[in-house]
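Undergrad: File run_31.pdb follows (PDB, C-alpha atoms):
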```
ATOM      1  CA  MET A   3       0.000   0.000   0.000  1.00  0.00           C
ATOM      2  CA  ASN A   4       3.010   2.294  -0.123  1.00  0.00           C
ATOM      3  CA  GLU A   5       1.717   4.442  -2.944  1.00  0.00           C
ATOM      4  CA  ARG A   6       3.821   7.372  -3.997  1.00  0.00           C
ATOM      5  CA  MET A   7       2.015  10.562  -3.016  1.00  0.00           C
ATOM      6  CA  GLU A   8       2.278  13.836  -4.892  1.00  0.00           C
ATOM      7  CA  SER A   9       1.514  17.348  -3.748  1.00  0.00           C
ATOM      8  CA  LEU A  10      -1.690  18.973  -4.963  1.00  0.00           C
ATOM      9  CA  ASP A  11       0.519  21.929  -5.946  1.00  0.00           C
ATOM     10  CA  ALA A  12       0.887  20.350  -9.396  1.00  0.00           C
ATOM     11  CA  LEU A  13      -2.838  20.846  -9.956  1.00  0.00           C
ATOM     12  CA  VAL A  14      -2.927  24.228  -8.213  1.00  0.00           C
ATOM     13  CA  ARG A  15      -0.365  25.437 -10.787  1.00  0.00           C
ATOM     14  CA  GLN A  16      -2.612  24.119 -13.577  1.00  0.00           C
ATOM     15  CA  VAL A  17      -5.801  25.819 -12.311  1.00  0.00           C
ATOM     16  CA  MET A  18      -4.425  29.057 -10.847  1.00  0.00           C
ATOM     17  CA  PRO A  19      -3.716  30.938 -14.130  1.00  0.00           C
ATOM     18  CA  LEU A  20      -7.294  30.262 -15.279  1.00  0.00           C
ATOM     19  CA  VAL A  21      -8.915  31.828 -12.212  1.00  0.00           C
ATOM     20  CA  LEU A  22      -6.614  34.730 -11.324  1.00  0.00           C
ATOM     21  CA  PRO A  23      -6.728  36.597  -8.950  1.00  0.00           C
ATOM     22  CA  CYS A  24      -8.383  33.794  -6.931  1.00  0.00           C
ATOM     23  CA  PRO A  25      -6.392  33.028  -3.759  1.00  0.00           C
ATOM     24  CA  ARG A  26      -4.317  29.847  -3.744  1.00  0.00           C
ATOM     25  CA  GLY A  27      -6.195  28.510  -0.696  1.00  0.00           C
ATOM     26  CA  MET A  28      -9.509  28.657  -2.544  1.00  0.00           C
ATOM     27  CA  VAL A  29      -8.017  26.826  -5.532  1.00  0.00           C
ATOM     28  CA  LEU A  30      -6.617  24.132  -3.242  1.00  0.00           C
ATOM     29  CA  ASP A  31      -9.978  23.770  -1.489  1.00  0.00           C
ATOM     30  CA  ALA A  32     -11.831  23.475  -4.813  1.00  0.00           C
ATOM     31  CA  LEU A  33      -9.385  20.735  -5.892  1.00  0.00           C
ATOM     32  CA  ARG A  34      -9.986  18.852  -2.629  1.00  0.00           C
ATOM     33  CA  VAL A  35     -13.745  18.996  -3.144  1.00  0.00           C
ATOM     34  CA  ALA A  36     -13.426  17.755  -6.743  1.00  0.00           C
ATOM     35  CA  ALA A  37     -11.111  14.931  -5.618  1.00  0.00           C
ATOM     36  CA  LYS A  38     -13.453  13.935  -2.796  1.00  0.00           C
ATOM     37  CA  ASP A  39     -16.410  13.782  -5.209  1.00  0.00           C
ATOM     38  CA  LEU A  40     -14.464  11.770  -7.792  1.00  0.00           C
ATOM     39  CA  CYS A  41     -13.203   9.312  -5.172  1.00  0.00           C
ATOM     40  CA  GLU A  42     -16.627   8.834  -3.573  1.00  0.00           C
ATOM     41  CA  GLN A  43     -18.545   8.504  -6.826  1.00  0.00           C
ATOM     42  CA  ALA A  44     -16.085   6.443  -8.886  1.00  0.00           C
ATOM     43  CA  ALA A  45     -13.808   4.698  -6.340  1.00  0.00           C
ATOM     44  CA  VAL A  46     -10.662   5.742  -8.220  1.00  0.00           C
ATOM     45  CA  TRP A  47      -8.479   5.494  -5.091  1.00  0.00           C
ATOM     46  CA  ARG A  48      -8.614   1.837  -4.085  1.00  0.00           C
ATOM     47  CA  VAL A  49      -6.362   0.066  -1.634  1.00  0.00           C
ATOM     48  CA  LYS A  50      -5.984  -3.326   0.018  1.00  0.00           C
ATOM     49  CA  LEU A  51      -5.326  -3.018   3.718  1.00  0.00           C
ATOM     50  CA  ASP A  52      -3.791  -5.926   5.612  1.00  0.00           C
ATOM     51  CA  GLU A  53      -4.748  -5.670   9.261  1.00  0.00           C
ATOM     52  CA  THR A  54      -4.900  -7.929  12.307  1.00  0.00           C
ATOM     53  CA  ALA A  55      -7.943  -8.707  14.442  1.00  0.00           C
ATOM     54  CA  LEU A  56      -6.738  -9.358  17.970  1.00  0.00           C
ATOM     55  CA  GLN A  57      -8.009 -12.177  20.146  1.00  0.00           C
ATOM     56  CA  GLY A  58     -11.077 -11.062  22.096  1.00  0.00           C
ATOM     57  CA  ASP A  59     -11.638  -8.029  19.865  1.00  0.00           C
ATOM     58  CA  ALA A  60     -14.342  -7.408  17.298  1.00  0.00           C
ATOM     59  CA  GLU A  61     -13.021  -4.010  16.215  1.00  0.00           C
ATOM     60  CA  VAL A  62     -10.281  -3.726  13.590  1.00  0.00           C
ATOM     61  CA  PRO A  63      -8.691  -0.271  13.190  1.00  0.00           C
ATOM     62  CA  LEU A  64      -7.641   0.500   9.621  1.00  0.00           C
ATOM     63  CA  THR A  65      -4.226   1.974   8.870  1.00  0.00           C
ATOM     64  CA  LEU A  66      -4.929   4.594   6.199  1.00  0.00           C
ATOM     65  CA  PRO A  67      -2.383   6.568   4.183  1.00  0.00           C
ATOM     66  CA  ARG A  68      -1.603  10.151   5.134  1.00  0.00           C
ATOM     67  CA  ASP A  69      -4.234  12.635   3.898  1.00  0.00           C
ATOM     68  CA  ALA A  70      -6.773   9.820   3.342  1.00  0.00           C
ATOM     69  CA  LYS A  71     -10.177   8.973   4.778  1.00  0.00           C
ATOM     70  CA  LEU A  72     -12.312   5.921   4.172  1.00  0.00           C
ATOM     71  CA  ALA A  73     -14.933   6.496   1.466  1.00  0.00           C
ATOM     72  CA  PHE A  74     -16.400   2.977   1.605  1.00  0.00           C
ATOM     73  CA  VAL A  75     -15.474  -0.670   1.993  1.00  0.00           C
ATOM     74  CA  LEU A  76     -15.595  -2.900  -1.087  1.00  0.00           C
ATOM     75  CA  GLY A  77     -14.901  -6.181   0.712  1.00  0.00           C
ATOM     76  CA  VAL A  78     -13.541  -7.791   3.877  1.00  0.00           C
ATOM     77  CA  TRP A  79     -11.695 -11.110   4.162  1.00  0.00           C
ATOM     78  CA  LEU A  80     -11.031 -12.906   7.437  1.00  0.00           C
ATOM     79  CA  GLU A  81      -8.201 -15.437   7.176  1.00  0.00           C
ATOM     80  CA  GLY A  82      -8.715 -15.415   3.389  1.00  0.00           C
ATOM     81  CA  ASN A  83     -12.486 -16.038   3.541  1.00  0.00           C
ATOM     82  CA  CYS A  84     -14.715 -13.323   2.104  1.00  0.00           C
ATOM     83  CA  LEU A  85     -17.163 -12.015   4.686  1.00  0.00           C
ATOM     84  CA  ASP A  86     -20.769 -11.254   3.905  1.00  0.00           C
ATOM     85  CA  PRO A  87     -21.501  -7.544   4.446  1.00  0.00           C
ATOM     86  CA  SER A  88     -23.870  -8.571   7.263  1.00  0.00           C
ATOM     87  CA  ASP A  89     -20.837  -9.937   9.174  1.00  0.00           C
ATOM     88  CA  TYR A  90     -19.313  -6.488   9.697  1.00  0.00           C
ATOM     89  CA  ARG A  91     -20.080  -2.785   9.778  1.00  0.00           C
ATOM     90  CA  VAL A  92     -17.932   0.252   9.166  1.00  0.00           C
ATOM     91  CA  GLU A  93     -17.571   2.899  11.856  1.00  0.00           C
ATOM     92  CA  GLY A  94     -15.263   5.763  10.927  1.00  0.00           C
ATOM     93  CA  ASP A  95     -11.903   4.162  10.176  1.00  0.00           C
ATOM     94  CA  HIS A  96     -12.708   0.850  11.899  1.00  0.00           C
ATOM     95  CA  ILE A  97     -14.290  -2.411  10.820  1.00  0.00           C
ATOM     96  CA  CYS A  98     -16.541  -3.855  13.520  1.00  0.00           C
ATOM     97  CA  LEU A  99     -16.934  -7.603  13.130  1.00  0.00           C
ATOM     98  CA  ARG A 100     -20.143  -9.285  14.225  1.00  0.00           C
ATOM     99  CA  ALA A 101     -18.257 -11.618  16.582  1.00  0.00           C
ATOM    100  CA  THR A 102     -15.181 -11.282  18.758  1.00  0.00           C
ATOM    101  CA  MET A 103     -12.125 -13.175  17.564  1.00  0.00           C
ATOM    102  CA  PRO A 104     -11.255 -16.445  19.323  1.00  0.00           C
ATOM    103  CA  ARG A 105      -7.619 -15.900  18.279  1.00  0.00           C
ATOM    104  CA  GLU A 106      -5.491 -13.381  16.382  1.00  0.00           C
ATOM    105  CA  CYS A 107      -6.662 -13.365  12.739  1.00  0.00           C
ATOM    106  CA  ALA A 108      -5.527 -11.760   9.497  1.00  0.00           C
ATOM    107  CA  VAL A 109      -8.046  -9.309   8.047  1.00  0.00           C
ATOM    108  CA  THR A 110      -7.817  -7.920   4.520  1.00  0.00           C
ATOM    109  CA  VAL A 111      -9.966  -4.944   3.593  1.00  0.00           C
ATOM    110  CA  GLU A 112     -10.459  -3.677   0.066  1.00  0.00           C
ATOM    111  CA  ALA A 113     -11.455  -0.055   0.390  1.00  0.00           C
ATOM    112  CA  ALA A 114     -12.092   3.070  -1.609  1.00  0.00           C
ATOM    113  CA  LEU A 115     -10.435   6.127  -0.105  1.00  0.00           C
ATOM    114  CA  ARG A 116     -10.984   9.840  -0.483  1.00  0.00           C
ATOM    115  CA  PRO A 117      -8.810  12.804   0.453  1.00  0.00           C
ATOM    116  CA  SER A 118      -9.227  14.253   3.936  1.00  0.00           C
ATOM    117  CA  ARG A 119     -10.665  17.754   4.264  1.00  0.00           C
ATOM    118  CA  LEU A 120      -7.207  19.326   4.579  1.00  0.00           C
ATOM    119  CA  ALA A 121      -5.283  16.959   2.281  1.00  0.00           C
ATOM    120  CA  GLU A 122      -2.143  18.322   0.678  1.00  0.00           C
ATOM    121  CA  HIS A 123      -1.307  15.149  -1.284  1.00  0.00           C
ATOM    122  CA  LEU A 124      -2.961  12.565  -3.518  1.00  0.00           C
ATOM    123  CA  PRO A 125      -1.564   9.361  -4.972  1.00  0.00           C
ATOM    124  CA  GLU A 126       0.679  10.141  -7.924  1.00  0.00           C
ATOM    125  CA  ARG A 127      -1.282   7.770 -10.201  1.00  0.00           C
ATOM    126  CA  LEU A 128      -4.537   9.563  -9.322  1.00  0.00           C
ATOM    127  CA  ILE A 129      -3.070  12.931 -10.301  1.00  0.00           C
ATOM    128  CA  GLU A 130      -1.591  11.409 -13.457  1.00  0.00           C
ATOM    129  CA  GLU A 131      -4.818   9.670 -14.546  1.00  0.00           C
ATOM    130  CA  TRP A 132      -7.469  12.063 -13.291  1.00  0.00           C
ATOM    131  CA  GLY A 133      -5.650  15.388 -12.786  1.00  0.00           C
ATOM    132  CA  ASP A 134      -7.313  17.109 -15.739  1.00  0.00           C
ATOM    133  CA  VAL A 135     -10.742  16.016 -14.511  1.00  0.00           C
ATOM    134  CA  LEU A 136      -9.958  17.367 -11.036  1.00  0.00           C
ATOM    135  CA  ALA A 137      -8.732  20.635 -12.559  1.00  0.00           C
ATOM    136  CA  TYR A 138     -11.980  20.981 -14.524  1.00  0.00           C
ATOM    137  CA  GLY A 139     -13.994  20.324 -11.355  1.00  0.00           C
ATOM    138  CA  ALA A 140     -12.080  22.999  -9.469  1.00  0.00           C
ATOM    139  CA  GLN A 141     -12.422  25.487 -12.338  1.00  0.00           C
ATOM    140  CA  ALA A 142     -16.174  24.879 -12.570  1.00  0.00           C
ATOM    141  CA  ARG A 143     -16.572  25.506  -8.848  1.00  0.00           C
ATOM    142  CA  LEU A 144     -14.393  28.636  -8.786  1.00  0.00           C
ATOM    143  CA  LYS A 145     -15.648  30.236 -11.999  1.00  0.00           C
ATOM    144  CA  ALA A 146     -19.258  29.773 -10.861  1.00  0.00           C
ATOM    145  CA  MET A 147     -18.611  31.957  -7.800  1.00  0.00           C
ATOM    146  CA  SER A 148     -20.010  35.444  -7.732  1.00  0.00           C
ATOM    147  CA  GLY A 149     -20.028  38.359  -5.386  1.00  0.00           C
ATOM    148  CA  ASN A 150     -18.077  41.407  -4.354  1.00  0.00           C
ATOM    149  CA  LYS A 151     -14.395  41.126  -5.320  1.00  0.00           C
ATOM    150  CA  VAL A 152     -14.840  37.783  -7.115  1.00  0.00           C
ATOM    151  CA  GLU A 153     -12.979  38.894 -10.232  1.00  0.00           C
ATOM    152  CA  TRP A 154     -12.479  35.333 -11.531  1.00  0.00           C
ATOM    153  CA  SER A 155     -16.193  34.700 -12.052  1.00  0.00           C
ATOM    154  CA  ASP A 156     -16.903  33.358 -15.563  1.00  0.00           C
ATOM    155  CA  GLY A 157     -20.313  31.788 -16.164  1.00  0.00           C
ATOM    156  CA  VAL A 158     -19.518  30.479 -19.645  1.00  0.00           C
ATOM    157  CA  GLY A 159     -16.127  29.130 -18.542  1.00  0.00           C
ATOM    158  CA  ALA A 160     -17.767  27.522 -15.502  1.00  0.00           C
ATOM    159  CA  GLN A 161     -20.276  25.740 -17.707  1.00  0.00           C
ATOM    160  CA  ILE A 162     -17.588  24.453 -20.098  1.00  0.00           C
ATOM    161  CA  ALA A 163     -15.432  23.226 -17.180  1.00  0.00           C
ATOM    162  CA  LEU A 164     -18.473  21.590 -15.559  1.00  0.00           C
ATOM    163  CA  GLU A 165     -19.252  19.661 -18.755  1.00  0.00           C
ATOM    164  CA  GLN A 166     -15.638  18.470 -18.967  1.00  0.00           C
ATOM    165  CA  TYR A 167     -15.753  17.452 -15.289  1.00  0.00           C
ATOM    166  CA  LYS A 168     -19.014  15.539 -15.764  1.00  0.00           C
ATOM    167  CA  GLU A 169     -17.576  13.706 -18.795  1.00  0.00           C
ATOM    168  CA  GLY A 170     -14.477  12.753 -16.812  1.00  0.00           C
ATOM    169  CA  MET A 171     -16.599  11.631 -13.867  1.00  0.00           C
ATOM    170  CA  ALA A 172     -18.666   9.417 -16.201  1.00  0.00           C
ATOM    171  CA  ARG A 173     -15.475   7.843 -17.615  1.00  0.00           C
ATOM    172  CA  ALA A 174     -14.222   7.192 -14.099  1.00  0.00           C
ATOM    173  CA  ARG A 175     -17.519   5.552 -13.056  1.00  0.00           C
ATOM    174  CA  ILE A 176     -17.504   3.330 -16.151  1.00  0.00           C
ATOM    175  CA  ARG A 177     -13.916   2.273 -15.467  1.00  0.00           C
ATOM    176  CA  ALA A 178     -14.719   1.580 -11.807  1.00  0.00           C
ATOM    177  CA  MET A 179     -17.707  -0.595 -12.737  1.00  0.00           C
ATOM    178  CA  ALA A 180     -15.675  -2.499 -15.316  1.00  0.00           C
ATOM    179  CA  SER A 181     -12.908  -3.244 -12.812  1.00  0.00           C
ATOM    180  CA  ARG A 182     -15.271  -4.686 -10.202  1.00  0.00           C
TER     181      ARG A 182
END
```
Spell out the structure here as structure tokens.
TA:
Amino acid sequence: MNERMESLDALVRQVMPLVLPCPRGMVLDALRVAAKDLCEQAAVWRVKLDETALQGDAEVPLTLPRDAKLAFVLGVWLEGNCLDPSDYRVEGDHICLRATMPRECAVTVEAALRPSRLAEHLPERLIEEWGDVLAYGAQARLKAMSGNKVEWSDGVGAQIALEQYKEGMARARIRAMASR
């Protein structure tokens, strides 16, 4: 699970010139929101987590990468046997098994992750594969803003970026469904 992480600055530099004089912090926040949506809707950030259920415990804490939160669980295996979803529940960043463990057991969790609210990094492969889609999502959000001193507002540009973002999101969903 040691994925190489890359700073969101690469995408900030891509979006920033298109929304000047928008503050960097707003661009970064818009990128985080776009990444969160993409990860939750298309499961583009998937990992296998190898954990241990301790004897007498029913709760298995998940070790997540830096800047990551659990979006949803795709599957859980106990000692190599796939569990039915009724045999566990997800609470925050823990898996709660229906029964306590009679002995120490290996637990494998296939999960979809999303960036945390203040994430500064994403997996390099996510930025490489979906960076343009994330940039379009951020542009759509920023250019749709209006109000006093919002000089980067651009209704037409927002609509074009939104269409590009939606097309990218659809491609990501199709790819996610095909890989399941």
Undergrad: Do a neighbour search on A:Gly170 at 10 Å with only C-alpha atoms, toss out local chain neighbours closer than 4 positions, and write the hits as a list in words.
TA: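 Once the adjacent positions are removed, what remains is Leu40, Trp132, Asp134, Val135, Leu136, Tyr138, Gly139, Leu164, Glu165, Gln166, Ala174, Arg175 and Ile176 of chain A.
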Undergrad: If you count all atoms listed in the file, which residues fall within 12 Å of stretch 89-93 of chain A, apart from same-chain ones fewer than 5 positions away, as a list in words?
TA: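 Close residues of stretch 89-93 of chain A: Ala60, Glu61, Val62, Pro63, Leu64, Lys71, Leu72, Ala73, Phe74, Val75, Leu76, Gly77, Val78, Trp79, Leu80, Asn83, Cys84, Cys98, Leu99, Arg100, Ala101, Thr102, Val109, Val111 and Ala113 of chain A.
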Undergrad: So that I have them on file, write out the residues from the current selection with C-alpha atoms, as a compact mmCIF listing (two decimals), in the coordinates of the input.
TA:
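Everything below was put into part-v5.txt:
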```txt
# COMPACT_ATOMS: atom_id res chain seq x y z
CA ALA A 60 -14.34 -7.41 17.30
CA GLU A 61 -13.02 -4.01 16.22
CA VAL A 62 -10.28 -3.73 13.59
CA PRO A 63 -8.69 -0.27 13.19
CA LEU A 64 -7.64 0.50 9.62
CA LYS A 71 -10.18 8.97 4.78
CA LEU A 72 -12.31 5.92 4.17
CA ALA A 73 -14.93 6.50 1.47
CA PHE A 74 -16.40 2.98 1.60
CA VAL A 75 -15.47 -0.67 1.99
CA LEU A 76 -15.60 -2.90 -1.09
CA GLY A 77 -14.90 -6.18 0.71
CA VAL A 78 -13.54 -7.79 3.88
CA TRP A 79 -11.70 -11.11 4.16
CA LEU A 80 -11.03 -12.91 7.44
CA ASN A 83 -12.49 -16.04 3.54
CA CYS A 84 -14.72 -13.32 2.10
CA CYS A 98 -16.54 -3.86 13.52
CA LEU A 99 -16.93 -7.60 13.13
CA ARG A 100 -20.14 -9.28 14.22
CA ALA A 101 -18.26 -11.62 16.58
CA THR A 102 -15.18 -11.28 18.76
CA VAL A 109 -8.05 -9.31 8.05
CA VAL A 111 -9.97 -4.94 3.59
CA ALA A 113 -11.46 -0.06 0.39
```
Undergrad: If we count only C-alpha atoms, what is near A:Gln141 at a cut-off of 7 Å, once residues fewer than 4 positions away on the same chain are taken out, given as a ChimeraX atom specification?
TA: /A:17,137,145,160,163
Undergrad: Pull out every residue that the PyMOL selection byres ((chain A and resi 42) around 8) matches in the shown coordinates and put them as a list of chain:residue names.
TA: A:Lys38, A:Asp39, A:Leu40, A:Cys41, A:Gln43, A:Ala44, A:Ala45, A:Ala73, A:Phe74, A:Ala114, A:Leu115, A:Arg116
Undergrad: For A:Met171, which of A:Met147, A:Ala37, A:Leu10, A:Ala70 is the closest residue, counting all atoms listed in the file?
TA: A:Ala37
Undergrad: Considering all atoms listed in the file, state which residue in the set A:Met7, A:Ala172, A:Leu30, A:Leu22 is at the smallest distance from A:Leu120.
TA: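 Checking each candidate against A:Leu120, we get A:Leu30 as the closest.
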Undergrad: For the atom pair atom CA of A:Leu124 and atom CA of A:Ser181, what is the interatomic distance in Å to one decimal place?
TA: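 Computed distance, atom CA of A:Leu124 to atom CA of A:Ser181, equals 20.9 Å.
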Undergrad: Please return stretch 91-106 of chain A, rebuilt to N, CA, C and O atoms, as a compact mmCIF listing (two decimals), in the coordinates of the input.
TA:
```
# COMPACT_ATOMS: atom_id res chain seq x y z
N ARG A 91 -19.60 -4.14 10.08
CA ARG A 91 -20.08 -2.78 9.78
C ARG A 91 -18.88 -1.85 9.85
O ARG A 91 -17.88 -2.17 10.47
N VAL A 92 -19.01 -0.73 9.20
CA VAL A 92 -17.93 0.25 9.17
C VAL A 92 -18.31 1.40 10.09
O VAL A 92 -19.42 1.94 10.00
N GLU A 93 -17.38 1.75 10.96
CA GLU A 93 -17.57 2.90 11.86
C GLU A 93 -16.32 3.76 11.77
O GLU A 93 -15.28 3.38 12.32
N GLY A 94 -16.42 4.88 11.09
CA GLY A 94 -15.26 5.76 10.93
C GLY A 94 -14.16 5.05 10.17
O GLY A 94 -14.35 4.63 9.03
N ASP A 95 -13.02 4.87 10.81
CA ASP A 95 -11.90 4.16 10.18
C ASP A 95 -11.66 2.80 10.85
O ASP A 95 -10.54 2.34 10.97
N HIS A 96 -12.76 2.17 11.27
CA HIS A 96 -12.71 0.85 11.90
C HIS A 96 -13.69 -0.09 11.21
O HIS A 96 -14.74 0.34 10.74
N ILE A 97 -13.36 -1.36 11.21
CA ILE A 97 -14.29 -2.41 10.82
C ILE A 97 -14.73 -3.08 12.12
O ILE A 97 -13.89 -3.49 12.93
N CYS A 98 -16.01 -3.18 12.34
CA CYS A 98 -16.54 -3.86 13.52
C CYS A 98 -17.13 -5.18 13.07
O CYS A 98 -18.12 -5.22 12.33
N LEU A 99 -16.48 -6.27 13.49
CA LEU A 99 -16.93 -7.60 13.13
C LEU A 99 -18.12 -7.99 14.01
O LEU A 99 -18.27 -7.52 15.13
N ARG A 100 -18.95 -8.88 13.49
CA ARG A 100 -20.14 -9.28 14.22
C ARG A 100 -19.78 -10.07 15.49
O ARG A 100 -20.50 -10.01 16.47
N ALA A 101 -18.66 -10.80 15.45
CA ALA A 101 -18.26 -11.62 16.58
C ALA A 101 -16.83 -11.27 17.01
O ALA A 101 -16.02 -10.83 16.19
N THR A 102 -16.55 -11.48 18.29
CA THR A 102 -15.18 -11.28 18.76
C THR A 102 -14.32 -12.44 18.27
O THR A 102 -14.81 -13.54 18.03
N MET A 103 -13.05 -12.19 18.12
CA MET A 103 -12.12 -13.18 17.56
C MET A 103 -11.66 -14.15 18.65
O MET A 103 -11.23 -13.72 19.72
N PRO A 104 -11.73 -15.45 18.36
CA PRO A 104 -11.26 -16.44 19.32
C PRO A 104 -9.73 -16.49 19.39
O PRO A 104 -9.15 -16.99 20.35
N ARG A 105 -9.08 -15.96 18.34
CA ARG A 105 -7.62 -15.90 18.28
C ARG A 105 -7.24 -14.74 17.37
O ARG A 105 -8.10 -14.15 16.72
N GLU A 106 -5.96 -14.42 17.29
CA GLU A 106 -5.49 -13.38 16.38
C GLU A 106 -5.73 -13.85 14.94
O GLU A 106 -5.39 -14.98 14.59
```
